[in-house]
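Enquirer: This one is query.txt, compact mmCIF, C-alpha atoms.
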# COMPACT_ATOMS: atom_id res chain seq x y z
CA MET A 1 -7.62 18.48 -22.00
CA GLN A 2 -6.49 15.07 -20.74
CA ALA A 3 -3.15 15.11 -22.57
CA ASP A 4 -2.30 18.59 -21.25
CA VAL A 5 -2.95 17.60 -17.64
CA GLU A 6 -0.91 14.40 -18.02
CA ARG A 7 1.99 16.35 -19.53
CA PHE A 8 1.75 18.83 -16.66
CA LEU A 9 1.79 16.00 -14.07
CA ALA A 10 4.72 14.29 -15.79
CA ARG A 11 6.75 17.49 -15.61
CA LEU A 12 5.69 18.14 -12.03
CA LEU A 13 6.94 14.69 -10.99
CA THR A 14 10.25 14.82 -12.84
CA ASP A 15 11.41 18.48 -12.94
CA ARG A 16 12.37 19.85 -9.52
CA GLY A 17 12.73 23.46 -10.65
CA PHE A 18 9.35 23.42 -12.33
CA ARG A 19 7.82 21.79 -9.25
CA GLU A 20 9.13 24.48 -6.91
CA ARG A 21 7.94 27.26 -9.26
CA PHE A 22 4.51 25.64 -9.32
CA LEU A 23 4.33 25.24 -5.55
CA ALA A 24 5.21 28.93 -5.14
CA ALA A 25 2.37 30.08 -7.43
CA PRO A 26 0.27 27.04 -8.40
CA ALA A 27 -2.59 28.55 -10.36
CA ASP A 28 -0.40 31.07 -12.20
CA VAL A 29 2.13 28.45 -13.30
CA ALA A 30 -0.62 26.03 -14.31
CA ARG A 31 -2.29 28.66 -16.50
CA SER A 32 1.04 29.64 -18.01
CA GLU A 33 1.47 26.01 -19.06
CA GLY A 34 -1.70 26.15 -21.11
CA LEU A 35 -4.15 24.50 -18.75
CA THR A 36 -7.71 25.80 -18.79
CA PRO A 37 -8.85 27.86 -15.78
CA GLU A 38 -10.74 24.82 -14.45
CA GLU A 39 -7.73 22.53 -14.90
CA ALA A 40 -5.41 25.10 -13.34
CA GLU A 41 -7.71 25.38 -10.35
CA ALA A 42 -7.80 21.59 -9.97
CA VAL A 43 -4.04 21.09 -10.11
CA ALA A 44 -3.55 24.04 -7.76
CA ARG A 45 -5.62 22.20 -5.16
CA MET A 46 -3.19 19.25 -5.04
CA PRO A 47 -1.54 19.16 -1.60
CA ALA A 48 2.07 20.37 -1.77
CA ARG A 49 3.11 17.75 0.77
CA ALA A 50 1.76 14.89 -1.36
CA ILE A 51 3.40 16.31 -4.49
CA ARG A 52 6.80 16.57 -2.81
CA THR A 53 6.48 13.10 -1.29
CA ALA A 54 5.44 11.55 -4.59
CA ALA A 55 8.22 13.34 -6.48
CA ARG A 56 10.78 12.10 -3.96
CA SER A 57 9.43 8.58 -4.31
CA TYR A 58 9.66 8.72 -8.12
CA GLN A 59 13.18 10.15 -7.89
CA HIS A 60 14.19 7.34 -5.53
CA LYS A 61 12.76 4.75 -7.90
CA ARG A 62 14.62 6.22 -10.86
CA GLU A 63 17.88 6.33 -8.91
CA SER A 64 17.41 2.80 -7.58
CA SER A 65 16.78 1.63 -11.11
CA ALA A 66 19.97 3.23 -12.35
CA ALA A 67 21.94 1.74 -9.46
CA ALA A 68 20.53 -1.71 -10.04
CA GLY A 69 21.78 -1.64 -13.61
CA ALA A 70 20.86 -4.31 -16.09
CA ARG A 71 19.06 -6.47 -13.54
CA ASN A 72 16.36 -3.86 -13.14
CA TRP A 73 13.54 -3.57 -15.64
CA TRP A 74 13.07 0.17 -15.09
CA ALA A 75 16.75 0.72 -15.80
CA ASN A 76 16.41 -1.34 -18.94
CA TRP A 77 13.48 0.74 -20.01
CA LEU A 78 15.08 4.10 -19.24
CA GLY A 79 18.31 2.91 -20.85
CA PHE A 80 16.37 1.94 -23.93
CA LYS A 81 14.70 5.33 -24.03
CA ARG A 82 18.06 7.11 -23.79
CA ARG A 83 19.55 5.28 -26.73
CA MET B 1 -12.63 -26.86 -12.79
CA GLN B 2 -9.36 -25.03 -12.19
CA SER B 3 -8.65 -24.21 -8.56
CA ASP B 4 -7.02 -21.22 -6.95
CA ARG B 5 -3.28 -20.95 -7.51
CA VAL B 6 -0.53 -19.13 -5.67
CA GLY B 7 2.80 -18.17 -7.20
CA LEU B 8 5.70 -15.79 -7.16
CA GLY B 9 7.18 -13.00 -9.21
CA TRP B 10 10.24 -14.34 -11.05
CA ARG B 11 13.38 -12.46 -10.08
CA PRO B 12 16.89 -13.55 -11.11
CA GLU B 13 18.03 -13.27 -7.47
CA LEU B 14 15.44 -15.90 -6.52
CA ALA B 15 16.08 -18.27 -9.43
CA ALA B 16 17.86 -21.04 -7.54
CA GLY B 17 15.31 -21.04 -4.73
CA ILE B 18 12.41 -21.01 -7.18
CA PHE B 19 13.72 -24.02 -9.12
CA ASP B 20 14.22 -25.90 -5.85
CA ALA B 21 10.64 -25.19 -4.78
CA LEU B 22 8.62 -25.55 -7.99
CA ASP B 23 6.39 -28.11 -6.26
CA ARG B 24 5.19 -25.27 -3.99
CA ILE B 25 4.87 -22.58 -6.67
CA ASP B 26 1.83 -22.84 -8.93
CA VAL B 27 2.64 -20.00 -11.29
CA LEU B 28 5.44 -17.55 -12.08
CA GLU B 29 5.00 -13.95 -13.14
CA VAL B 30 7.84 -12.61 -15.28
CA ILE B 31 8.51 -8.93 -15.98
CA ALA B 32 8.11 -8.81 -19.75
CA ASP B 33 10.24 -5.68 -20.16
CA ASN B 34 13.32 -7.53 -18.91
CA TYR B 35 13.14 -9.87 -21.88
CA LEU B 36 12.20 -7.56 -24.73
CA ASP B 37 15.85 -6.99 -25.63
CA ALA B 38 17.24 -10.12 -24.01
CA PRO B 39 19.60 -12.40 -25.94
CA ARG B 40 17.98 -15.29 -27.77
CA ARG B 41 19.36 -17.77 -25.24
CA GLN B 42 17.61 -16.01 -22.34
CA ARG B 43 14.33 -15.90 -24.22
CA GLN B 44 14.62 -19.59 -25.00
CA ALA B 45 15.26 -20.25 -21.31
CA LEU B 46 12.09 -18.36 -20.49
CA ARG B 47 10.18 -20.39 -23.05
CA THR B 48 11.54 -23.59 -21.52
CA MET B 49 10.51 -22.42 -18.05
CA ALA B 50 7.02 -21.67 -19.35
CA ARG B 51 6.77 -25.34 -20.39
CA ARG B 52 7.48 -26.43 -16.83
CA VAL B 53 5.30 -23.99 -14.89
CA PRO B 54 2.53 -21.61 -15.97
CA VAL B 55 4.04 -18.20 -16.75
CA HIS B 56 2.34 -14.83 -16.81
CA LEU B 57 4.12 -11.93 -18.53
CA HIS B 58 3.79 -8.61 -16.70
CA GLY B 59 4.43 -5.39 -18.62
CA ILE B 60 5.25 -2.09 -16.97
CA ALA B 61 6.13 0.47 -19.60
CA LEU B 62 3.31 0.60 -22.14
CA GLY B 63 1.30 3.32 -20.41
CA LEU B 64 -1.98 1.94 -21.69
CA ALA B 65 -4.17 4.26 -19.60
CA GLY B 66 -2.46 7.40 -20.85
CA ALA B 67 -3.84 9.90 -23.32
CA GLU B 68 -1.01 9.15 -25.73
CA GLU B 69 -1.45 6.35 -28.21
CA VAL B 70 0.53 3.28 -27.17
CA SER B 71 3.68 2.81 -29.22
CA SER B 72 3.36 0.32 -32.08
CA LYS B 73 7.06 -0.46 -31.75
CA GLN B 74 6.70 -1.37 -28.07
CA LEU B 75 3.65 -3.51 -28.82
CA ASP B 76 5.46 -5.28 -31.65
CA ARG B 77 8.33 -6.20 -29.33
CA LEU B 78 5.91 -7.47 -26.69
CA ALA B 79 3.97 -9.45 -29.30
CA ARG B 80 7.20 -11.13 -30.41
CA LEU B 81 7.94 -12.14 -26.82
CA VAL B 82 4.41 -13.41 -26.25
CA ASN B 83 4.62 -15.47 -29.44
CA GLU B 84 7.93 -16.95 -28.38
CA VAL B 85 7.09 -17.70 -24.74
CA GLU B 86 3.38 -18.52 -25.10
CA PRO B 87 2.50 -17.38 -21.58
CA GLU B 88 -0.78 -18.22 -20.00
CA SER B 89 -1.66 -14.52 -19.96
CA TRP B 90 -0.11 -11.06 -19.92
CA SER B 91 -0.86 -7.97 -17.89
CA GLU B 92 -0.20 -4.24 -17.70
CA HIS B 93 -1.16 -1.29 -15.51
CA LEU B 94 -3.95 1.26 -15.36
CA ALA B 95 -1.39 4.03 -15.56
CA PHE B 96 0.43 6.48 -17.77
CA VAL B 97 4.22 6.51 -17.82
CA ARG B 98 5.01 9.29 -20.30
CA ALA B 99 3.40 12.44 -21.62
CA GLY B 100 4.50 15.14 -24.02
CA GLY B 101 7.92 13.56 -24.47
CA ILE B 102 8.56 13.31 -20.72
CA GLU B 103 9.40 9.83 -19.36
CA ILE B 104 8.25 9.61 -15.76
CA GLY B 105 10.20 6.41 -15.09
CA HIS B 106 7.40 4.81 -13.16
CA LEU B 107 3.66 4.34 -13.06
CA ALA B 108 1.49 7.43 -12.58
CA ALA B 109 -2.25 7.78 -12.14
CA PRO B 110 -3.95 9.75 -14.93
CA PRO B 111 -6.98 11.96 -14.32
CA ARG B 112 -9.91 9.57 -14.06
CA THR B 113 -12.20 10.93 -16.75
CA GLU B 114 -14.33 9.74 -19.63
CA ALA B 115 -11.45 10.82 -21.87
CA SER B 116 -8.99 8.49 -20.12
CA VAL B 117 -11.55 5.67 -20.25
CA ALA B 118 -11.80 6.19 -24.01
CA GLY B 119 -8.01 6.46 -24.34
CA ALA B 120 -7.46 3.26 -22.39
CA ALA B 121 -10.08 1.43 -24.44
CA LYS B 122 -8.45 2.60 -27.67
CA ASN B 123 -4.99 1.53 -26.49
CA LEU B 124 -6.33 -1.84 -25.33
CA ARG B 125 -7.96 -2.45 -28.73
CA LYS B 126 -4.62 -1.73 -30.37
CA ALA B 127 -2.81 -3.98 -27.88
CA ARG B 128 -5.19 -6.85 -28.60
CA ALA B 129 -4.79 -6.37 -32.34
CA VAL B 130 -0.99 -6.46 -32.16
CA VAL B 131 -0.35 -8.91 -29.33
CA GLY B 132 -3.31 -11.18 -30.06
CA SER B 133 -4.94 -11.00 -26.64
CA LEU B 134 -6.04 -8.43 -24.08
CA PRO B 135 -3.95 -7.91 -20.96
CA HIS B 136 -5.28 -8.12 -17.45
CA MET B 137 -5.13 -4.54 -16.18
CA GLU B 138 -3.78 -3.71 -12.74
CA ASN B 139 -4.89 -0.98 -10.36
CA ILE B 140 -1.94 1.14 -9.20
CA ALA B 141 -0.94 2.86 -5.98
CA THR B 142 -0.64 6.63 -6.03
CA LEU B 143 0.33 9.29 -3.51
CA ILE B 144 -1.47 11.99 -5.48
CA GLU B 145 -5.20 11.95 -6.08
CA PRO B 146 -5.27 12.60 -9.84
CA PRO B 147 -6.52 16.17 -10.41
CA CYS B 148 -9.34 16.96 -12.84
CA SER B 149 -10.88 13.53 -12.18
CA THR B 150 -14.60 13.23 -12.74
CA LEU B 151 -14.87 9.54 -11.85
CA SER B 152 -14.05 7.65 -8.67
CA GLU B 153 -11.33 5.04 -9.03
CA PRO B 154 -13.76 2.08 -8.89
CA ALA B 155 -16.11 3.72 -11.40
CA TRP B 156 -13.14 4.49 -13.69
CA ILE B 157 -11.95 0.89 -13.51
CA ALA B 158 -15.45 -0.44 -14.11
CA ASP B 159 -15.87 1.80 -17.17
CA ILE B 160 -12.54 0.68 -18.66
CA VAL B 161 -13.46 -2.96 -18.16
CA ALA B 162 -16.90 -2.39 -19.70
CA SER B 163 -15.55 -0.50 -22.71
CA SER B 164 -12.60 -2.78 -23.44
CA GLY B 165 -13.57 -6.21 -22.19
CA CYS B 166 -10.27 -6.59 -20.38
CA GLY B 167 -9.84 -8.67 -17.25
CA LEU B 168 -8.44 -7.30 -14.02
CA LEU B 169 -5.29 -7.94 -12.07
CA LEU B 170 -6.27 -6.67 -8.63
CA ASP B 171 -3.27 -5.54 -6.58
CA LEU B 172 -4.41 -5.77 -2.99
CA HIS B 173 -1.48 -3.82 -1.57
CA ASN B 174 -2.07 -0.99 -4.01
CA LEU B 175 -5.71 -0.98 -2.93
CA HIS B 176 -4.73 -1.08 0.74
CA ALA B 177 -2.17 1.73 0.31
CA ASN B 178 -4.63 3.99 -1.53
CA ALA B 179 -7.37 3.23 1.01
CA THR B 180 -4.98 4.06 3.85
CA ASN B 181 -3.57 7.23 2.30
CA PHE B 182 -6.87 8.63 1.06
CA GLY B 183 -9.12 7.32 3.82
CA PHE B 184 -11.60 5.09 2.04
CA ASP B 185 -12.94 1.63 2.82
CA PRO B 186 -11.28 -1.05 0.64
CA LEU B 187 -14.31 -3.32 1.06
CA ASP B 188 -16.52 -0.58 -0.38
CA PHE B 189 -14.04 -0.34 -3.29
CA LEU B 190 -14.39 -4.10 -3.87
CA SER B 191 -18.16 -3.78 -3.95
CA LYS B 192 -17.93 -1.25 -6.80
CA ILE B 193 -15.56 -2.92 -9.26
CA PRO B 194 -16.53 -5.81 -11.57
CA LEU B 195 -15.20 -8.60 -9.37
CA ALA B 196 -16.22 -11.27 -11.88
CA GLN B 197 -13.52 -9.88 -14.18
CA VAL B 198 -10.74 -10.32 -11.63
CA ALA B 199 -8.52 -13.15 -12.84
CA CYS B 200 -5.31 -12.45 -10.96
CA ILE B 201 -4.30 -10.87 -7.69
CA HIS B 202 -1.06 -9.32 -6.50
CA ILE B 203 0.00 -9.36 -2.88
CA ALA B 204 3.02 -7.46 -1.57
CA GLY B 205 4.37 -5.43 1.29
CA GLY B 206 5.18 -1.78 1.74
CA GLU B 207 6.46 0.71 4.27
CA TRP B 208 5.46 3.93 5.95
CA ILE B 209 7.35 6.97 4.69
CA THR B 210 7.35 10.49 6.07
CA ALA B 211 6.74 13.57 3.94
CA PRO B 212 9.82 15.78 3.39
CA ASP B 213 8.47 18.30 5.90
CA GLY B 214 8.07 15.53 8.48
CA GLU B 215 4.44 16.39 9.03
CA GLU B 216 2.61 13.44 7.52
CA ARG B 217 3.13 9.77 6.80
CA TYR B 218 2.13 7.79 3.74
CA LEU B 219 2.00 4.07 3.09
CA LEU B 220 4.28 3.34 0.14
CA ASP B 221 3.94 0.28 -2.09
CA ASP B 222 7.60 -0.75 -2.30
CA HIS B 223 7.57 -4.57 -2.63
CA LEU B 224 10.51 -4.69 -0.20
CA HIS B 225 8.67 -5.87 2.89
CA ASP B 226 6.62 -8.84 4.05
CA VAL B 227 2.94 -9.09 3.26
CA THR B 228 0.90 -7.75 6.17
CA GLU B 229 -2.29 -8.98 7.78
CA PRO B 230 -4.67 -6.50 6.06
CA ILE B 231 -3.57 -7.89 2.69
CA TYR B 232 -4.33 -11.47 3.69
CA ASP B 233 -7.69 -10.26 5.05
CA LEU B 234 -8.49 -8.66 1.69
CA LEU B 235 -7.47 -11.88 -0.07
CA THR B 236 -9.89 -13.83 2.10
CA GLU B 237 -12.55 -11.26 1.28
CA MET B 238 -11.93 -11.71 -2.45
CA ALA B 239 -12.11 -15.49 -2.20
CA ALA B 240 -15.39 -15.18 -0.32
CA ARG B 241 -16.90 -12.84 -2.89
CA VAL B 242 -16.03 -14.39 -6.26
CA SER B 243 -16.76 -17.76 -7.80
CA GLN B 244 -14.00 -17.88 -10.42
CA PRO B 245 -10.60 -19.40 -9.61
CA LEU B 246 -8.01 -16.85 -8.63
CA THR B 247 -4.31 -16.74 -9.42
CA VAL B 248 -2.37 -14.97 -6.68
CA VAL B 249 1.19 -13.72 -7.20
CA LEU B 250 3.51 -12.52 -4.45
CA GLU B 251 5.61 -9.56 -5.63
CA ARG B 252 8.99 -9.04 -4.00
CA ASP B 253 11.51 -6.70 -5.62
CA GLY B 254 14.40 -6.64 -3.16
CA ALA B 255 15.55 -7.08 0.46
CA TYR B 256 14.88 -10.73 -0.23
CA PRO B 257 14.30 -12.95 2.78
CA PRO B 258 15.39 -16.61 2.68
CA MET B 259 13.31 -18.70 0.28
CA PRO B 260 11.51 -20.58 3.13
CA ALA B 261 10.11 -17.24 4.32
CA LEU B 262 8.73 -16.46 0.85
CA LEU B 263 7.24 -19.95 0.61
CA GLU B 264 5.62 -19.38 3.99
CA GLU B 265 4.01 -16.24 2.60
CA LEU B 266 2.65 -18.31 -0.29
CA ASP B 267 1.23 -20.80 2.21
CA ARG B 268 -0.37 -17.97 4.16
CA ALA B 269 -1.97 -16.77 0.92
CA ARG B 270 -3.31 -20.28 0.29
CA ALA B 271 -4.75 -20.34 3.80
CA ALA B 272 -6.36 -16.92 3.25
CA LEU B 273 -7.92 -18.12 0.00
CA ALA B 274 -9.18 -21.31 1.64
CA ALA B 275 -10.75 -19.31 4.48
CA GLY B 276 -12.60 -17.16 1.96
CA ARG B 277 -13.83 -20.16 -0.02
CA ARG B 278 -15.09 -21.79 3.21
CA ARG B 279 -16.94 -18.60 4.09
CA GLN B 280 -18.57 -18.58 0.67
CA GLN B 281 -19.81 -22.16 1.08
CA ALA B 282 -21.12 -21.65 4.61
Written as structure tokens, that's how I'd like the structure from this file.
Expert:
Amino acid sequence: MQADVERFLARLLTDRGFRERFLAAPADVARSEGLTPEEAEAVARMPARAIRTAARSYQHKRESSAAAGARNWWANWLGFKRR
Amino acid sequence: MQSDRVGLGWRPELAAGIFDALDRIDVLEVIADNYLDAPRRQRQALRTMARRVPVHLHGIALGLAGAEEVSSKQLDRLARLVNEVEPESWSEHLAFVRAGGIEIGHLAAPPRTEASVAGAAKNLRKARAVVGSLPHMENIATLIEPPCSTLSEPAWIADIVASSGCGLLLDLHNLHANATNFGFDPLDFLSKIPLAQVACIHIAGGEWITAPDGEERYLLDDHLHDVTEPIYDLLTEMAARVSQPLTVVLERDGAYPPMPALLEELDRARAALAAGRRRQQA
């Protein structure tokens, strides 16, 4: 289901521990998160290198946003979400 | 008939230079999210600026292409800003930014499926109902090919345009980065999306980054570097292929060069557009 895969991707990109557990046993972790066998197989095929690179890029963007403070729109957004 | 226009993304760091060079800037694109909670005085200043130069509002946090229904509260705040500023148009991204209570903090590519086409169309209908107009929707860069996709990116974009009636904001650096990282021909991509619906274009620069294991490089869309030749070539290609006027915006988010260098990039974009228009008439 679309929402399940998006939730899985969101966690993969933001939760380092979850990401490393997934990369150690992709299909098993995907199935344990409630994805269908077909979805689990599809996410398990994602290249580990691309996942790690993307996650690092997202992390960098979040940190840059926090460092930039109020001038940065992502910081504003994340700050708003934290309130 | 309106002609092609070339402008710049409004950034507070560039404010003085922008006001000094308004005769060379046809349009300004303003990040809407920066003004949603801004004091009244800042919003009035934005409204005043929009009376002097055409302003486009660019949203980044709605997540309109996600499976989750777009937040009514977020749309209400955007609608208030649009009503106050009266921009020429507004735009958002073909992306999801949250799922299941998790905020990603940036734009992410959803699985390209019939379900996400339907979800985007539903969110866009709601956006139009609340804001009063449809946004132009922008293609995003991604380092991960979205899993579980059943549609190619151009087919997915074409289906969202067909089902929602939205216009497109075509980001040429995002296209170039995806084409480079995933090994497809950007000209083939252009031949498969509804080019007649492209109203605006983004140009920007990026940088090569190396994977954590040092084994592979990816082109990252970071908006921190100068626009490169392949982007101008794609801009010429667009101007040669479409008949409608195009509004081009240079995005720069940091590592700002002196204002004359940015204005030179705008002039290069104008030259690229003119070359494409000449090719079309030949």
Enquirer: Which chain A residues have any atom within 7 Å of an atom of chain B, and for each, what is the nearest pair of atoms with distance in Å to one decimal, counting all atoms listed in the file, rows sorted by chain and number, as a tab-separated table?
Expert:
residue	atom	partner	partner_atom	distance
A:Gln2	CA	B:Ala67	CA	6.4
A:Ala3	CA	B:Ala67	CA	5.3
A:Glu6	CA	B:Ala99	CA	5.9
A:Arg7	CA	B:Ala99	CA	4.7
A:Ala10	CA	B:Ile104	CA	5.9
A:Arg11	CA	B:Ile102	CA	6.8
A:Thr14	CA	B:Ile104	CA	6.3
A:Glu39	CA	B:Cys148	CA	6.2
A:Ala42	CA	B:Pro147	CA	5.6
A:Val43	CA	B:Pro147	CA	5.5
A:Arg49	CA	B:Ala211	CA	6.4
A:Ala50	CA	B:Ile144	CA	6.0
A:Ile51	CA	B:Ile144	CA	6.6
A:Arg52	CA	B:Pro212	CA	6.9
A:Thr53	CA	B:Ala211	CA	5.3
A:Ala54	CA	B:Leu143	CA	5.7
A:Tyr58	CA	B:His106	CA	6.8
A:Arg62	CA	B:Gly105	CA	6.1
A:Trp73	CA	B:Asn34	CA	5.1
A:Trp74	CA	B:Gly105	CA	6.9
A:Asn76	CA	B:Asn34	CA	6.9
A:Leu78	CA	B:Gly105	CA	6.8
Enquirer: Generate a file of the selected residues that holds C-alpha atoms, formatted as a PDB file, in the frame of the given file.
Expert:
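For reference, selection_36.pdb as written:
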ATOM      1  CA  GLN A   2      -6.490  15.070 -20.740  1.00  0.00           C
ATOM      2  CA  ALA A   3      -3.150  15.110 -22.570  1.00  0.00           C
ATOM      3  CA  GLU A   6      -0.910  14.400 -18.020  1.00  0.00           C
ATOM      4  CA  ARG A   7       1.990  16.350 -19.530  1.00  0.00           C
ATOM      5  CA  ALA A  10       4.720  14.290 -15.790  1.00  0.00           C
ATOM      6  CA  ARG A  11       6.750  17.490 -15.610  1.00  0.00           C
ATOM      7  CA  THR A  14      10.250  14.820 -12.840  1.00  0.00           C
ATOM      8  CA  GLU A  39      -7.730  22.530 -14.900  1.00  0.00           C
ATOM      9  CA  ALA A  42      -7.800  21.590  -9.970  1.00  0.00           C
ATOM     10  CA  VAL A  43      -4.040  21.090 -10.110  1.00  0.00           C
ATOM     11  CA  ARG A  49       3.110  17.750   0.770  1.00  0.00           C
ATOM     12  CA  ALA A  50       1.760  14.890  -1.360  1.00  0.00           C
ATOM     13  CA  ILE A  51       3.400  16.310  -4.490  1.00  0.00           C
ATOM     14  CA  ARG A  52       6.800  16.570  -2.810  1.00  0.00           C
ATOM     15  CA  THR A  53       6.480  13.100  -1.290  1.00  0.00           C
ATOM     16  CA  ALA A  54       5.440  11.550  -4.590  1.00  0.00           C
ATOM     17  CA  TYR A  58       9.660   8.720  -8.120  1.00  0.00           C
ATOM     18  CA  ARG A  62      14.620   6.220 -10.860  1.00  0.00           C
ATOM     19  CA  TRP A  73      13.540  -3.570 -15.640  1.00  0.00           C
ATOM     20  CA  TRP A  74      13.070   0.170 -15.090  1.00  0.00           C
ATOM     21  CA  ASN A  76      16.410  -1.340 -18.940  1.00  0.00           C
ATOM     22  CA  LEU A  78      15.080   4.100 -19.240  1.00  0.00           C
TER      23      LEU A  78
END
Enquirer: Just to confirm, what's the straight-line distance from CA of Arg31 in chain A to CA of Ser71 in chain B in Å (one decimal)?
Expert: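 Answer for the CA of Arg31 in chain A to CA of Ser71 in chain B separation: 29.4 Å.
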Enquirer: Name the closest residue to Ser64 in chain A among the candidates B:Asn83, B:Gly254, B:Leu94, B:Ser191; distances are taken between atoms, counting all atoms listed in the file.
Expert: B:Gly254
Enquirer: Just give me the gap between CA of Ser164 in chain B and CA of Arg125 in chain B in Å, one decimal is fine.
Expert: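 Distance between the two atoms: 7.0 Å.
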Enquirer: What is the CA of Gly9 in chain B-CA of Val131 in chain B distance in Å, reported with one decimal?
Expert: 21.9 Å
Enquirer: For Val117 in chain B, which residue out of B:Val198, B:Leu151, B:Ala261, B:Leu62 is the nearest one, using all atoms listed in the file?
Expert: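 Closest to Val117 in chain B, using all atoms listed in the file: B:Leu151.
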Enquirer: Which residue out of A:Ala48, A:Asp4, A:Ala40, A:Glu63 has the minimum interatomic distance to Arg19 in chain A when all atoms listed in the file are used?
Expert: A:Ala48
Enquirer: Residues around (-15.7, -11.6, -0.2), cut-off 10 Å, counting all atoms listed in the file - what are they as a list of chain:residue names?
Expert: B:Leu187, B:Leu190, B:Ser191, B:Leu195, B:Asp233, B:Leu234, B:Leu235, B:Thr236, B:Glu237, B:Met238, B:Ala239, B:Ala240, B:Arg241, B:Val242, B:Ser243, B:Gly276, B:Arg277, B:Arg279, B:Gln280
Enquirer: Please write as a PyMOL selection string the list of polymer residues whose atoms come within 7 Å of (-2.1, -9.8, -16.2), counting all atoms listed in the file and keeping to the coordinates of the file.
Expert: chain B and resi 56-58+89-92+135-137+169+200
Enquirer: Print the selection's residues with C-alpha atoms to a file, as a compact mmCIF listing (two decimals), in the frame of the given file.
Expert:
# COMPACT_ATOMS: atom_id res chain seq x y z
CA HIS B 56 2.34 -14.83 -16.81
CA LEU B 57 4.12 -11.93 -18.53
CA HIS B 58 3.79 -8.61 -16.70
CA SER B 89 -1.66 -14.52 -19.96
CA TRP B 90 -0.11 -11.06 -19.92
CA SER B 91 -0.86 -7.97 -17.89
CA GLU B 92 -0.20 -4.24 -17.70
CA PRO B 135 -3.95 -7.91 -20.96
CA HIS B 136 -5.28 -8.12 -17.45
CA MET B 137 -5.13 -4.54 -16.18
CA LEU B 169 -5.29 -7.94 -12.07
CA CYS B 200 -5.31 -12.45 -10.96
